[in-house]
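> my_file.csv is the file, holding CSV, C-alpha atoms:
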```
chain,number,residue,atom,x,y,z
A,194,MET,CA,-34.4,19.3,-0.8
A,195,ALA,CA,-30.8,19.7,-1.9
A,196,THR,CA,-30.0,19.2,-5.6
A,197,GLU,CA,-27.5,16.6,-6.8
A,198,GLN,CA,-25.1,19.4,-7.5
A,199,GLU,CA,-25.4,20.7,-4.0
A,200,LYS,CA,-24.8,17.2,-2.5
A,201,ASN,CA,-21.7,16.7,-4.7
A,202,ARG,CA,-20.3,20.1,-3.5
A,203,ARG,CA,-20.9,19.2,0.2
A,204,VAL,CA,-19.0,15.9,-0.3
A,205,ALA,CA,-16.2,17.7,-2.2
A,206,GLU,CA,-15.8,20.3,0.6
A,207,GLN,CA,-15.0,17.5,3.1
A,208,LEU,CA,-12.5,15.6,0.9
A,209,ARG,CA,-8.9,15.4,2.2
A,210,LEU,CA,-5.6,14.4,0.5
A,211,ILE,CA,-5.9,11.0,2.1
A,212,ASP,CA,-9.1,10.4,0.1
A,213,ASP,CA,-7.8,8.8,-3.1
A,214,ASP,CA,-10.2,10.6,-5.5
A,215,PHE,CA,-8.9,14.0,-4.3
A,216,LEU,CA,-5.3,12.8,-4.1
A,217,ARG,CA,-5.4,11.8,-7.8
A,218,LEU,CA,-6.9,15.1,-8.8
A,219,TYR,CA,-4.5,17.1,-6.7
A,220,PHE,CA,-1.3,15.4,-7.9
A,221,ASN,CA,-2.4,15.1,-11.6
A,222,ASP,CA,0.1,17.1,-13.6
A,223,ASN,CA,1.8,18.1,-10.4
A,224,PRO,CA,5.3,16.6,-10.3
A,225,GLU,CA,6.5,19.3,-7.9
A,226,GLY,CA,4.0,18.1,-5.3
A,227,VAL,CA,4.9,14.4,-5.8
A,228,GLU,CA,8.6,15.4,-5.5
A,229,TYR,CA,7.8,17.2,-2.2
A,230,ILE,CA,6.0,14.3,-0.5
A,231,LEU,CA,8.7,11.8,-1.8
A,232,ASN,CA,11.4,13.8,-0.2
A,233,VAL,CA,9.6,14.0,3.1
A,234,LEU,CA,8.6,10.3,3.2
A,235,LEU,CA,12.1,9.1,2.1
A,236,GLN,CA,13.7,11.7,4.4
A,237,ARG,CA,15.7,13.3,1.6
A,238,GLN,CA,16.1,16.7,0.2
A,239,ASP,CA,17.7,16.0,-3.2
A,240,LEU,CA,15.2,13.8,-4.9
A,241,LYS,CA,14.2,15.2,-8.3
A,242,VAL,CA,11.0,13.9,-10.0
A,243,LEU,CA,11.3,13.9,-13.8
A,244,HIS,CA,7.9,12.4,-14.5
A,245,SER,CA,4.7,11.6,-12.6
A,246,GLU,CA,1.2,10.6,-13.3
A,247,THR,CA,-1.9,9.5,-11.5
A,248,GLN,CA,-4.3,6.5,-12.3
A,249,CYS,CA,-1.5,4.8,-14.2
A,250,GLU,CA,-2.9,1.4,-15.2
A,251,TYR,CA,-0.8,-1.8,-15.3
A,252,ARG,CA,-2.1,-5.1,-16.6
A,253,SER,CA,-0.5,-8.5,-15.9
A,254,LEU,CA,-0.3,-11.3,-18.4
A,255,SER,CA,-3.2,-13.1,-16.6
A,256,GLY,CA,-5.4,-10.0,-17.1
A,257,ARG,CA,-5.4,-8.7,-13.5
A,258,SER,CA,-5.1,-5.0,-13.8
A,259,VAL,CA,-4.1,-2.4,-11.2
A,260,SER,CA,-4.5,1.4,-11.3
A,261,LEU,CA,-1.6,3.1,-9.5
A,262,ASP,CA,-2.7,6.2,-7.4
A,263,ILE,CA,0.6,7.9,-8.2
A,264,TYR,CA,3.5,6.7,-10.3
A,265,ALA,CA,6.8,8.6,-10.5
A,266,GLU,CA,10.3,8.4,-11.9
A,267,ASP,CA,13.2,10.4,-10.6
A,268,ALA,CA,16.5,11.7,-12.1
A,269,ASP,CA,18.3,8.6,-11.0
A,270,GLY,CA,15.9,6.3,-12.9
A,271,LYS,CA,14.2,5.0,-9.7
A,272,ARG,CA,10.5,4.2,-9.9
A,273,TYR,CA,7.9,5.0,-7.2
A,274,ASN,CA,4.3,4.0,-6.6
A,275,ILE,CA,2.4,5.8,-3.9
A,276,GLU,CA,-0.9,4.2,-2.8
A,277,ILE,CA,-3.5,5.7,-0.5
A,278,GLN,CA,-5.4,3.1,1.5
A,279,ARG,CA,-8.0,4.4,3.9
A,280,ALA,CA,-9.4,0.9,4.6
A,281,ASP,CA,-7.0,-1.4,6.4
A,282,SER,CA,-8.2,-4.3,4.3
A,283,GLY,CA,-6.9,-2.5,1.1
A,284,ALA,CA,-3.3,-2.3,2.4
A,285,THR,CA,-2.4,-6.0,2.8
A,286,PRO,CA,1.2,-7.1,2.2
A,287,LYS,CA,0.2,-9.2,-0.7
A,288,ARG,CA,-1.3,-6.1,-2.4
A,289,ALA,CA,2.0,-4.3,-1.9
A,290,ARG,CA,3.8,-7.3,-3.3
A,291,PHE,CA,1.6,-7.3,-6.4
A,292,HIS,CA,2.1,-3.5,-7.0
A,293,SER,CA,5.9,-4.1,-6.7
A,294,SER,CA,5.8,-6.9,-9.2
A,295,MET,CA,3.7,-4.8,-11.6
A,296,LEU,CA,6.3,-2.0,-11.5
A,297,ASP,CA,8.9,-4.5,-12.6
A,298,THR,CA,7.0,-5.7,-15.7
A,299,LYS,CA,7.7,-2.6,-17.7
A,300,LEU,CA,11.3,-2.0,-16.6
A,301,LEU,CA,13.1,-4.3,-19.1
A,302,GLN,CA,13.0,-4.7,-22.8
A,303,LYS,CA,13.2,-8.1,-24.4
A,304,LYS,CA,16.6,-9.8,-23.6
A,305,GLU,CA,17.7,-6.8,-21.6
A,306,PRO,CA,19.9,-8.0,-18.6
A,307,PHE,CA,18.3,-8.2,-15.2
A,308,ARG,CA,21.0,-6.1,-13.7
A,309,ASN,CA,19.3,-3.1,-15.5
A,310,LEU,CA,16.2,-3.4,-13.3
A,311,ALA,CA,15.6,0.0,-11.7
A,312,GLU,CA,15.3,0.4,-8.0
A,313,THR,CA,11.6,0.5,-7.0
A,314,PHE,CA,9.6,1.8,-4.1
A,315,VAL,CA,6.0,0.9,-3.3
A,316,ILE,CA,4.7,3.3,-0.6
A,317,MET,CA,1.5,2.4,1.1
A,318,LEU,CA,0.1,5.4,2.9
A,319,THR,CA,-2.6,4.2,5.3
A,320,GLU,CA,-5.1,6.2,7.3
A,321,HIS,CA,-4.5,4.1,10.4
A,322,ASP,CA,-1.4,2.6,12.0
A,323,ILE,CA,-2.1,-0.9,10.6
A,324,MET,CA,1.3,-2.2,11.9
A,325,LYS,CA,0.3,-1.0,15.4
A,326,HIS,CA,3.8,0.1,16.7
A,327,GLY,CA,3.2,3.8,16.7
A,328,LEU,CA,6.0,4.5,14.2
A,329,PRO,CA,5.8,7.0,11.3
A,330,LEU,CA,7.3,4.6,8.8
A,331,TYR,CA,7.8,0.9,8.4
A,332,HIS,CA,10.4,-0.2,5.8
A,333,TYR,CA,10.3,-3.7,4.4
A,334,ASP,CA,13.2,-5.2,2.4
A,335,ARG,CA,14.1,-8.8,1.7
A,336,ILE,CA,16.6,-10.2,4.2
A,337,CYS,CA,18.3,-13.6,4.8
A,338,ARG,CA,16.9,-15.1,8.0
A,339,GLU,CA,20.1,-17.0,8.7
A,340,THR,CA,22.6,-14.2,8.3
A,341,GLY,CA,20.6,-11.0,8.7
A,342,VAL,CA,22.1,-9.8,5.4
A,343,TYR,CA,19.8,-7.8,3.0
A,344,LEU,CA,19.1,-9.2,-0.4
A,345,GLU,CA,20.2,-6.3,-2.6
A,346,ASP,CA,17.4,-6.6,-5.2
A,347,ASP,CA,16.6,-2.8,-5.0
A,348,SER,CA,13.0,-3.5,-4.3
A,349,HIS,CA,11.4,-1.7,-1.3
A,350,ILE,CA,8.0,-1.6,0.3
A,351,ILE,CA,7.3,1.2,2.8
A,352,TYR,CA,4.2,1.6,4.9
A,353,VAL,CA,3.4,5.1,6.1
A,354,ASN,CA,1.3,5.6,9.3
A,355,GLY,CA,-1.3,8.3,8.4
A,356,ALA,CA,-2.3,8.5,12.0
A,357,TYR,CA,1.1,9.8,13.0
A,358,GLN,CA,0.7,13.5,13.4
A,359,ASN,CA,3.7,14.7,15.4
A,360,PRO,CA,4.1,18.5,14.7
A,361,ASP,CA,7.8,18.2,15.7
A,362,ASP,CA,8.9,16.3,12.5
A,363,SER,CA,8.3,16.6,8.8
A,364,ILE,CA,6.4,13.3,8.4
A,365,GLY,CA,4.1,14.1,11.3
A,366,ARG,CA,3.3,17.5,9.7
A,367,LEU,CA,2.8,15.9,6.3
A,368,MET,CA,0.3,13.4,7.7
A,369,HIS,CA,-1.5,16.2,9.5
A,370,ASP,CA,-1.8,18.0,6.2
A,371,PHE,CA,-3.1,14.9,4.5
A,372,GLN,CA,-6.0,14.8,7.0
A,373,CYS,CA,-7.1,18.5,6.6
A,374,VAL,CA,-10.3,19.6,4.9
A,375,ASP,CA,-9.3,23.3,5.0
A,376,ALA,CA,-6.2,24.9,3.6
A,377,LYS,CA,-5.8,27.3,6.5
A,378,ASP,CA,-5.2,24.3,8.9
A,379,MET,CA,-2.3,23.0,6.9
A,380,TYR,CA,1.4,23.4,7.9
A,381,ASN,CA,3.0,23.4,4.5
A,382,GLU,CA,2.4,26.3,2.0
A,383,LYS,CA,3.6,24.1,-0.9
A,384,LEU,CA,0.6,21.8,-0.3
A,385,SER,CA,-1.9,24.4,0.9
A,386,GLU,CA,-1.6,26.7,-2.2
A,387,ARG,CA,-2.9,24.1,-4.6
A,388,PHE,CA,-5.3,22.7,-2.0
A,389,ARG,CA,-6.7,26.2,-1.7
A,390,TYR,CA,-7.3,26.3,-5.5
A,391,PHE,CA,-9.5,23.2,-5.4
A,392,LYS,CA,-11.4,24.1,-2.2
A,393,GLU,CA,-11.8,27.9,-2.5
A,394,THR,CA,-12.2,28.7,-6.2
A,395,GLU,CA,-15.2,27.9,-8.5
A,396,GLY,CA,-12.9,26.3,-11.1
A,397,GLY,CA,-11.2,24.0,-8.6
A,398,MET,CA,-14.5,23.1,-6.9
A,399,GLY,CA,-16.0,22.4,-10.2
A,400,GLU,CA,-13.3,19.9,-10.9
A,401,MET,CA,-13.8,18.3,-7.5
A,402,CYS,CA,-17.5,18.0,-8.0
A,403,LYS,CA,-17.0,16.3,-11.3
A,404,VAL,CA,-14.8,13.7,-9.6
A,405,VAL,CA,-17.4,13.2,-6.9
A,406,GLU,CA,-20.1,12.7,-9.5
A,407,GLU,CA,-18.0,10.2,-11.5
A,408,ARG,CA,-17.3,8.2,-8.3
A,409,ALA,CA,-21.0,8.1,-7.5
A,410,LYS,CA,-21.8,6.8,-10.9
A,411,GLU,CA,-19.1,4.1,-10.5
A,412,CYS,CA,-20.6,3.1,-7.2
A,413,VAL,CA,-24.1,2.7,-8.8
A,414,MET,CA,-22.5,0.6,-11.6
A,415,ARG,CA,-20.7,-1.6,-9.1
A,416,GLU,CA,-24.0,-2.2,-7.3
A,417,LYS,CA,-25.8,-3.1,-10.5
A,418,ILE,CA,-23.0,-5.5,-11.4
A,419,ALA,CA,-23.3,-7.1,-8.0
A,420,ASP,CA,-27.1,-7.5,-8.6
A,421,ILE,CA,-26.5,-9.0,-12.0
A,422,ARG,CA,-24.1,-11.6,-10.5
A,423,ARG,CA,-26.6,-12.5,-7.8
A,424,MET,CA,-29.3,-13.1,-10.3
A,425,LEU,CA,-27.0,-15.1,-12.6
A,426,ASP,CA,-25.9,-17.3,-9.6
A,427,LYS,CA,-29.6,-18.2,-9.1
A,428,GLN,CA,-29.7,-19.7,-12.6
A,429,LYS,CA,-33.4,-18.9,-12.8
A,430,TYR,CA,-33.4,-16.0,-15.1
A,431,SER,CA,-32.4,-15.4,-18.7
A,432,HIS,CA,-30.0,-12.6,-19.6
A,433,GLU,CA,-32.9,-10.7,-21.1
A,434,GLU,CA,-35.0,-11.0,-17.9
A,435,ILE,CA,-32.0,-9.8,-15.8
A,436,ALA,CA,-31.5,-6.8,-18.1
A,437,GLU,CA,-35.2,-5.9,-17.9
A,438,ASN,CA,-35.6,-6.3,-14.2
A,439,LEU,CA,-32.4,-4.3,-13.3
A,440,ASN,CA,-32.9,-1.7,-16.1
A,441,VAL,CA,-29.4,-2.4,-17.5
A,442,SER,CA,-28.3,-3.3,-21.0
A,443,LEU,CA,-28.2,-6.8,-22.3
A,444,GLU,CA,-24.6,-6.2,-23.3
A,445,LEU,CA,-23.6,-5.5,-19.7
A,446,VAL,CA,-25.3,-8.7,-18.5
A,447,ASP,CA,-23.5,-10.7,-21.2
A,448,GLU,CA,-20.2,-9.2,-20.2
A,449,VAL,CA,-20.7,-10.0,-16.5
A,450,ALA,CA,-21.7,-13.5,-17.4
A,451,ASN,CA,-18.6,-14.0,-19.6
A,452,GLY,CA,-16.2,-12.6,-16.9
A,453,LYS,CA,-15.4,-9.5,-19.0
A,454,VAL,CA,-16.3,-7.2,-16.1
A,455,ALA,CA,-14.1,-7.1,-13.0
```
Give the structure from this file in structure tokens form.

Amino acid sequence: MATEQEKNRRVAEQLRLIDDDFLRLYFNDNPEGVEYILNVLLQRQDLKVLHSETQCEYRSLSGRSVSLDIYAEDADGKRYNIEIQRADSGATPKRARFHSSMLDTKLLQKKEPFRNLAETFVIMLTEHDIMKHGLPLYHYDRICRETGVYLEDDSHIIYVNGAYQNPDDSIGRLMHDFQCVDAKDMYNEKLSERFRYFKETEGGMGEMCKVVEERAKECVMREKIADIRRMLDKQKYSHEEIAENLNVSLELVDEVANGKVA
């Protein structure tokens, strides 16, 4: 029987850049990689990333938080959020709208004029062509229905079709590379070199296995929280009974009951 470590390694070996756990690890402390994919997706060659980070958490005034897969700032002060969404249900327009609004929350100081708002891009990279027109990119900007004139608010949402894998253009090659499990199958050396580190060295594979292990623990915890909610909804059990039956801490049950756990 395979050990837990062996199971984690097998899972890690099959991860692709379009899997958000691997993506966050791959682009952590990797502004050059973020710069490369932004230039490809925005069809530019001159974009310079000054700062990038993964798992950047934003919290609204109402308490709803969001963890950005990739956040970046360029030399012109523009802000970018790249989100990987394998499930179609996770890439809804309202989610993109919320991410766009959260970027704005940290762009102005108190009493700073609105004209100083930076230009923002929310880029939703989906595994499937959820817009179903066979295009590599779908650009969404606010527009006046009556005149067809764009509202120049410098806020942009772009959907990227991860299923578009045309070898004759840069976006198609990038999407192909995002689906690879082996570095030797990738087109771009800029991506494959770091990819090879994670997949073909013990140090890199160790980092990936740790990510897989942490995600497995998160999944177990989400299941326990769901079980706690189901027992709370029945209104038949005390908090102490729920904790004992599910082998969880009383503190966790209390936090779920009080709405302190998302």
> Please provide as a ChimeraX atom specification all residues within 6 Å of A:Arg272, with the sequence filter that same-chain residues fewer than 2 positions apart are discarded (counting all atoms listed in the file).
/A:265-266,313
> Out of A:Asn201, A:Ser260, A:Asn438, A:Asn223, which residue has the shortest atom-to-atom distance to A:Phe388 when counting only C-alpha atoms?
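For A:Phe388, the nearest of the candidates is A:Asn223.
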> For stretch 295-297 of chain A, list every protein, DNA or RNA residue within 10 Å, evaluated using only C-alpha atoms, and leave out those in the same chain fewer than 4 positions away; present the list as a PyMOL selection string.
chain A and resi 250-253+258-259+261+264+272-274+289-291+301+310-315+348
> Would you save the residues of that selection, restricted to C-alpha atoms, as a PDB file, keeping the file's coordinate frame?

```
ATOM      1  CA  GLU A 250      -2.900   1.400 -15.200  1.00  0.00           C
ATOM      2  CA  TYR A 251      -0.800  -1.800 -15.300  1.00  0.00           C
ATOM      3  CA  ARG A 252      -2.100  -5.100 -16.600  1.00  0.00           C
ATOM      4  CA  SER A 253      -0.500  -8.500 -15.900  1.00  0.00           C
ATOM      5  CA  SER A 258      -5.100  -5.000 -13.800  1.00  0.00           C
ATOM      6  CA  VAL A 259      -4.100  -2.400 -11.200  1.00  0.00           C
ATOM      7  CA  LEU A 261      -1.600   3.100  -9.500  1.00  0.00           C
ATOM      8  CA  TYR A 264       3.500   6.700 -10.300  1.00  0.00           C
ATOM      9  CA  ARG A 272      10.500   4.200  -9.900  1.00  0.00           C
ATOM     10  CA  TYR A 273       7.900   5.000  -7.200  1.00  0.00           C
ATOM     11  CA  ASN A 274       4.300   4.000  -6.600  1.00  0.00           C
ATOM     12  CA  ALA A 289       2.000  -4.300  -1.900  1.00  0.00           C
ATOM     13  CA  ARG A 290       3.800  -7.300  -3.300  1.00  0.00           C
ATOM     14  CA  PHE A 291       1.600  -7.300  -6.400  1.00  0.00           C
ATOM     15  CA  LEU A 301      13.100  -4.300 -19.100  1.00  0.00           C
ATOM     16  CA  LEU A 310      16.200  -3.400 -13.300  1.00  0.00           C
ATOM     17  CA  ALA A 311      15.600   0.000 -11.700  1.00  0.00           C
ATOM     18  CA  GLU A 312      15.300   0.400  -8.000  1.00  0.00           C
ATOM     19  CA  THR A 313      11.600   0.500  -7.000  1.00  0.00           C
ATOM     20  CA  PHE A 314       9.600   1.800  -4.100  1.00  0.00           C
ATOM     21  CA  VAL A 315       6.000   0.900  -3.300  1.00  0.00           C
ATOM     22  CA  SER A 348      13.000  -3.500  -4.300  1.00  0.00           C
TER      23      SER A 348
END
```
> Could you list, as a list in words, every residue within 9 Å of A:Leu330, counting all atoms listed in the file and ignoring same-chain residues fewer than 4 positions away?
Leu234, Ile351, Tyr352, Val353, Asn354 and Ile364 of chain A
> Using all atoms listed in the file, which protein or nucleic acid residues come within 9 Å of stretch 411-428 of chain A? Drop anything in the same chain fewer than 6 positions from it, and give the result as an mmCIF file with C-alpha atoms, in the coordinates of the input.

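Written output follows (result.cif):
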```cif
data_model
loop_
_atom_site.group_PDB
_atom_site.id
_atom_site.type_symbol
_atom_site.label_atom_id
_atom_site.label_comp_id
_atom_site.auth_asym_id
_atom_site.auth_seq_id
_atom_site.Cartn_x
_atom_site.Cartn_y
_atom_site.Cartn_z
ATOM 1 C CA ILE A 435 -32.000 -9.800 -15.800
ATOM 2 C CA ALA A 436 -31.500 -6.800 -18.100
ATOM 3 C CA LEU A 439 -32.400 -4.300 -13.300
ATOM 4 C CA VAL A 441 -29.400 -2.400 -17.500
ATOM 5 C CA LEU A 445 -23.600 -5.500 -19.700
ATOM 6 C CA VAL A 446 -25.300 -8.700 -18.500
ATOM 7 C CA VAL A 449 -20.700 -10.000 -16.500
ATOM 8 C CA ALA A 450 -21.700 -13.500 -17.400
ATOM 9 C CA VAL A 454 -16.300 -7.200 -16.100
#
```
> Report as an MDAnalysis selection string all protein, DNA and RNA residues lying within 10 Å of A:Val233, evaluated on all atoms listed in the file, omitting residues in the same chain fewer than 2 positions from it.
chainID A and resid 228:231 235:238 240 362:367
> For those residues, write C-alpha atoms to a file as a PDB file, keeping the file's coordinate frame.

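Just written: again-v6.pdb:
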```
ATOM      1  CA  GLU A 228       8.600  15.400  -5.500  1.00  0.00           C
ATOM      2  CA  TYR A 229       7.800  17.200  -2.200  1.00  0.00           C
ATOM      3  CA  ILE A 230       6.000  14.300  -0.500  1.00  0.00           C
ATOM      4  CA  LEU A 231       8.700  11.800  -1.800  1.00  0.00           C
ATOM      5  CA  LEU A 235      12.100   9.100   2.100  1.00  0.00           C
ATOM      6  CA  GLN A 236      13.700  11.700   4.400  1.00  0.00           C
ATOM      7  CA  ARG A 237      15.700  13.300   1.600  1.00  0.00           C
ATOM      8  CA  GLN A 238      16.100  16.700   0.200  1.00  0.00           C
ATOM      9  CA  LEU A 240      15.200  13.800  -4.900  1.00  0.00           C
ATOM     10  CA  ASP A 362       8.900  16.300  12.500  1.00  0.00           C
ATOM     11  CA  SER A 363       8.300  16.600   8.800  1.00  0.00           C
ATOM     12  CA  ILE A 364       6.400  13.300   8.400  1.00  0.00           C
ATOM     13  CA  GLY A 365       4.100  14.100  11.300  1.00  0.00           C
ATOM     14  CA  ARG A 366       3.300  17.500   9.700  1.00  0.00           C
ATOM     15  CA  LEU A 367       2.800  15.900   6.300  1.00  0.00           C
TER      16      LEU A 367
END
```
> Could you work out how far atom CA of A:Ala376 lies from atom CA of A:Thr196, giving the answer in Å with one decimal?
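Between atom CA of A:Thr196 and atom CA of A:Ala376 the gap is 26.1 Å.
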> Measuring between only C-alpha atoms, which one of A:Glu199, A:Glu407, A:Asn359, A:Glu206 shows the shortest distance to A:Glu393?
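Going through A:Glu199, A:Glu407, A:Asn359, A:Glu206 one by one, the smallest distance to A:Glu393 is for A:Glu206.
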> Calculated over all atoms listed in the file, which of the candidates A:Glu305, A:Asp214, A:Glu225, A:Asp375 has the smallest distance to A:Cys402?
A:Asp214
> Quote the spacing between atom CA of A:Asp269 and atom CA of A:Gln248 in Å to one decimal place.
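Taking atom CA of A:Asp269 as the start and atom CA of A:Gln248 as the end point, the length is 22.7 Å.
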> Could you please determine the separation between atom CA of A:Tyr357 and atom CA of A:Thr319 in Å, to one decimal place?
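Rounded to one decimal, the two atoms are 10.2 Å apart.
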> With distances taken over all atoms listed in the file, which residue among A:Tyr219, A:Leu208, A:Asp322, A:Lys304 lies nearest A:Glu386?
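Of the candidates, the smallest distance to A:Glu386 is held by A:Tyr219.
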> From the options A:Asn451, A:Gln372, A:Asn309, A:Ser431, which residue's atoms come nearest to A:Gln358, counting all atoms listed in the file?
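Among the listed residues, the smallest separation from A:Gln358 belongs to A:Gln372.
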> Which one is closest to A:Val227: A:Lys303, A:Arg338, A:Arg279, A:Lys383? Count all atoms listed in the file.
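Once distances to A:Val227 are computed over all atoms listed in the file, the minimum belongs to A:Lys383.
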